[in-house]
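Structure data (compact mmCIF, N, CA and C atoms) from model-v3.txt:
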```txt
# COMPACT_ATOMS: atom_id res chain seq x y z
N MET R 6 83.91 129.03 93.25
CA MET R 6 84.48 128.26 92.17
C MET R 6 83.63 128.49 90.92
N THR R 7 84.26 128.65 89.79
CA THR R 7 83.57 128.81 88.52
C THR R 7 83.30 127.43 87.94
N TYR R 8 82.07 127.25 87.48
CA TYR R 8 81.68 125.96 86.94
C TYR R 8 81.06 126.20 85.58
N ASN R 9 81.77 125.88 84.53
CA ASN R 9 81.35 126.19 83.17
C ASN R 9 80.76 125.00 82.42
N PHE R 10 80.25 124.03 83.13
CA PHE R 10 79.64 122.87 82.49
C PHE R 10 78.25 123.24 82.00
N ASP R 11 77.92 122.88 80.76
CA ASP R 11 76.62 123.17 80.17
C ASP R 11 75.85 121.86 79.99
N PRO R 12 74.90 121.57 80.86
CA PRO R 12 74.15 120.30 80.77
C PRO R 12 73.41 120.13 79.45
N ASP R 13 72.91 121.21 78.88
CA ASP R 13 72.18 121.08 77.62
C ASP R 13 73.11 120.74 76.46
N ARG R 14 74.29 121.33 76.48
CA ARG R 14 75.26 120.99 75.43
C ARG R 14 75.73 119.54 75.60
N TRP R 15 75.96 119.13 76.84
CA TRP R 15 76.32 117.74 77.11
C TRP R 15 75.24 116.81 76.56
N TYR R 16 73.97 117.13 76.85
CA TYR R 16 72.86 116.31 76.38
C TYR R 16 72.86 116.23 74.85
N ASP R 17 72.99 117.37 74.19
CA ASP R 17 72.99 117.40 72.72
C ASP R 17 74.11 116.54 72.15
N ASN R 18 75.30 116.62 72.75
CA ASN R 18 76.44 115.81 72.28
C ASN R 18 76.19 114.32 72.49
N GLU R 19 75.66 113.96 73.65
CA GLU R 19 75.38 112.55 73.94
C GLU R 19 74.29 112.02 73.01
N LEU R 20 73.25 112.80 72.79
CA LEU R 20 72.16 112.39 71.91
C LEU R 20 72.67 112.20 70.48
N ALA R 21 73.52 113.10 70.02
CA ALA R 21 74.10 112.98 68.68
C ALA R 21 74.91 111.70 68.56
N ALA R 22 75.64 111.34 69.61
CA ALA R 22 76.44 110.11 69.59
C ALA R 22 75.54 108.87 69.53
N ILE R 23 74.45 108.90 70.28
CA ILE R 23 73.51 107.77 70.27
C ILE R 23 72.88 107.63 68.88
N ARG R 24 72.46 108.75 68.32
CA ARG R 24 71.84 108.71 66.98
C ARG R 24 72.83 108.25 65.92
N ALA R 25 74.08 108.65 66.06
CA ALA R 25 75.11 108.21 65.10
C ALA R 25 75.31 106.70 65.17
N LYS R 26 75.29 106.15 66.40
CA LYS R 26 75.41 104.69 66.54
C LYS R 26 74.24 103.99 65.84
N HIS R 27 73.07 104.56 65.95
CA HIS R 27 71.89 103.99 65.29
C HIS R 27 72.02 104.08 63.77
N GLN R 28 72.47 105.22 63.27
CA GLN R 28 72.63 105.39 61.83
C GLN R 28 73.67 104.45 61.25
N ARG R 29 74.69 104.14 62.04
CA ARG R 29 75.73 103.20 61.58
C ARG R 29 75.30 101.75 61.73
N GLY R 30 74.14 101.53 62.32
CA GLY R 30 73.63 100.17 62.49
C GLY R 30 74.19 99.46 63.70
N GLU R 31 74.83 100.19 64.61
CA GLU R 31 75.42 99.58 65.80
C GLU R 31 74.37 99.26 66.86
N ILE R 32 73.24 99.98 66.83
CA ILE R 32 72.15 99.70 67.77
C ILE R 32 70.83 99.71 67.01
N SER R 33 69.87 98.97 67.52
CA SER R 33 68.55 98.88 66.89
C SER R 33 67.69 100.08 67.27
N GLY R 34 66.53 100.19 66.66
CA GLY R 34 65.59 101.25 67.01
C GLY R 34 65.15 101.15 68.45
N GLU R 35 64.96 99.92 68.93
CA GLU R 35 64.57 99.70 70.33
C GLU R 35 65.68 100.15 71.27
N GLU R 36 66.92 99.83 70.92
CA GLU R 36 68.06 100.28 71.75
C GLU R 36 68.21 101.80 71.70
N LEU R 37 67.93 102.39 70.54
CA LEU R 37 67.97 103.85 70.42
C LEU R 37 66.97 104.47 71.39
N ASP R 38 65.75 103.94 71.41
CA ASP R 38 64.73 104.46 72.32
C ASP R 38 65.15 104.29 73.78
N ARG R 39 65.67 103.12 74.11
CA ARG R 39 66.08 102.84 75.49
C ARG R 39 67.23 103.75 75.93
N GLU R 40 68.22 103.91 75.07
CA GLU R 40 69.37 104.77 75.41
C GLU R 40 68.95 106.24 75.49
N THR R 41 68.01 106.66 74.63
CA THR R 41 67.52 108.04 74.67
C THR R 41 66.74 108.29 75.96
N GLN R 42 65.92 107.34 76.37
CA GLN R 42 65.18 107.48 77.63
C GLN R 42 66.13 107.53 78.81
N ASN R 43 67.16 106.71 78.80
CA ASN R 43 68.16 106.72 79.87
C ASN R 43 68.89 108.07 79.90
N LEU R 44 69.23 108.59 78.73
CA LEU R 44 69.88 109.90 78.65
C LEU R 44 68.96 110.99 79.19
N ASP R 45 67.67 110.92 78.85
CA ASP R 45 66.71 111.90 79.36
C ASP R 45 66.65 111.88 80.89
N ARG R 46 66.68 110.68 81.47
CA ARG R 46 66.66 110.56 82.94
C ARG R 46 67.92 111.17 83.55
N LYS R 47 69.06 110.88 82.95
CA LYS R 47 70.32 111.43 83.45
C LYS R 47 70.32 112.96 83.37
N HIS R 48 69.81 113.48 82.28
CA HIS R 48 69.76 114.93 82.08
C HIS R 48 68.85 115.58 83.12
N ALA R 49 67.70 115.00 83.34
CA ALA R 49 66.77 115.55 84.34
C ALA R 49 67.38 115.49 85.74
N ALA R 50 68.03 114.39 86.07
CA ALA R 50 68.66 114.24 87.38
C ALA R 50 69.79 115.26 87.55
N MET R 51 70.52 115.50 86.47
CA MET R 51 71.62 116.47 86.51
C MET R 51 71.06 117.86 86.79
N TRP R 52 69.99 118.25 86.11
CA TRP R 52 69.39 119.56 86.34
C TRP R 52 68.83 119.67 87.74
N ASN R 53 68.26 118.59 88.26
CA ASN R 53 67.75 118.62 89.63
C ASN R 53 68.88 118.91 90.62
N ARG R 54 70.02 118.28 90.41
CA ARG R 54 71.17 118.52 91.30
C ARG R 54 71.68 119.94 91.14
N LEU R 55 71.82 120.40 89.91
CA LEU R 55 72.36 121.74 89.67
C LEU R 55 71.40 122.82 90.13
N ASP R 56 70.11 122.63 89.91
CA ASP R 56 69.13 123.65 90.29
C ASP R 56 69.05 123.82 91.80
N GLY R 57 69.32 122.79 92.57
CA GLY R 57 69.21 122.89 94.01
C GLY R 57 70.50 123.25 94.72
N SER R 58 71.58 123.40 93.99
CA SER R 58 72.87 123.57 94.64
C SER R 58 73.04 124.91 95.34
N TYR R 59 72.28 125.92 94.96
CA TYR R 59 72.47 127.23 95.56
C TYR R 59 71.34 127.65 96.48
N GLN R 60 70.43 126.75 96.82
CA GLN R 60 69.33 127.08 97.71
C GLN R 60 69.76 126.98 99.16
N ILE R 61 69.42 127.99 99.92
CA ILE R 61 69.67 127.98 101.35
C ILE R 61 68.48 127.26 101.97
N PRO R 62 68.70 126.20 102.75
CA PRO R 62 67.58 125.40 103.27
C PRO R 62 66.48 126.22 103.92
N SER R 63 66.83 127.26 104.65
CA SER R 63 65.79 128.05 105.32
C SER R 63 64.98 128.88 104.32
N GLN R 64 65.43 128.97 103.09
CA GLN R 64 64.72 129.75 102.07
C GLN R 64 63.85 128.88 101.15
N ILE R 65 63.86 127.57 101.35
CA ILE R 65 63.05 126.65 100.53
C ILE R 65 61.63 126.63 101.08
N PRO R 66 60.63 126.86 100.21
CA PRO R 66 59.23 126.86 100.68
C PRO R 66 58.89 125.58 101.45
N GLY R 67 58.18 125.77 102.55
CA GLY R 67 57.75 124.62 103.36
C GLY R 67 58.75 124.17 104.41
N ARG R 68 59.92 124.77 104.43
CA ARG R 68 60.93 124.40 105.42
C ARG R 68 60.83 125.35 106.60
N SER R 69 61.04 124.83 107.80
CA SER R 69 61.00 125.70 108.98
C SER R 69 62.11 126.74 108.91
N GLY R 70 61.86 127.89 109.50
CA GLY R 70 62.84 128.95 109.48
C GLY R 70 62.59 129.96 108.39
N ARG R 71 61.69 129.65 107.49
CA ARG R 71 61.36 130.61 106.43
C ARG R 71 60.54 131.74 107.02
N PRO R 72 60.82 132.98 106.65
CA PRO R 72 60.12 134.13 107.23
C PRO R 72 58.61 134.05 107.14
N ASP R 73 58.07 133.47 106.04
CA ASP R 73 56.61 133.42 105.91
C ASP R 73 56.05 132.07 106.36
N SER R 74 56.78 131.33 107.19
CA SER R 74 56.33 129.99 107.60
C SER R 74 55.06 130.06 108.45
N GLU R 75 54.80 131.19 109.09
CA GLU R 75 53.59 131.32 109.87
C GLU R 75 52.36 131.19 109.00
N SER R 76 52.45 131.65 107.75
CA SER R 76 51.30 131.59 106.85
C SER R 76 51.05 130.17 106.35
N ASN R 77 52.04 129.28 106.49
CA ASN R 77 51.90 127.89 106.05
C ASN R 77 51.40 127.00 107.17
N ALA R 78 51.27 127.53 108.40
CA ALA R 78 50.90 126.71 109.55
C ALA R 78 49.44 126.37 109.55
```
Written as structure tokens, how would this file's structure read?
Amino acid sequence: MTYNFDPDRWYDNELAAIRAKHQRGEISGEELDRETQNLDRKHAAMWNRLDGSYQIPSQIPGRSGRPDSESNA
């Protein structure tokens, strides 16, 4: 399946929307910081999920079944 979602572009768009709300006076500076931190957490979690989606468990360092697991014993 082709997956053309760009997490960095999503982040940039979401951050721009948060900053626009702040510029319009809809949220305070404290709310801007809180929403930005929440967005940062979501972005990091998204990358963690995407980065691990193509790993074969036996190929992850420290997992049994890896060809060089004898050197980790």
Atom C of Ile32 (chain R) sits from atom C of Phe10 (chain R) at a separation of 28.9 Å
In Å and to one decimal, atom N of Ala50 (chain R) is distant from atom C of Gly34 (chain R) by 22.2 Å
Please list as JSON, numbers by chain every residue within 8 Å of region 21-27 of chain R, counting all atoms listed in the file and excluding residues in the same chain fewer than 5 positions away.
{"R": [15, 16, 32, 33, 34, 36, 37, 40, 41]}
CA of Asp13 (chain R) to atom C of Ala49 (chain R) measures 11.0 Å
Using only C-alpha atoms, find the one residue out of R:Asn9, R:Glu19, R:Gly30, R:Ser63 that sits nearest to Asp45 (chain R).
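Ranked by minimum distance to Asp45 (chain R), first place goes to R:Glu19.
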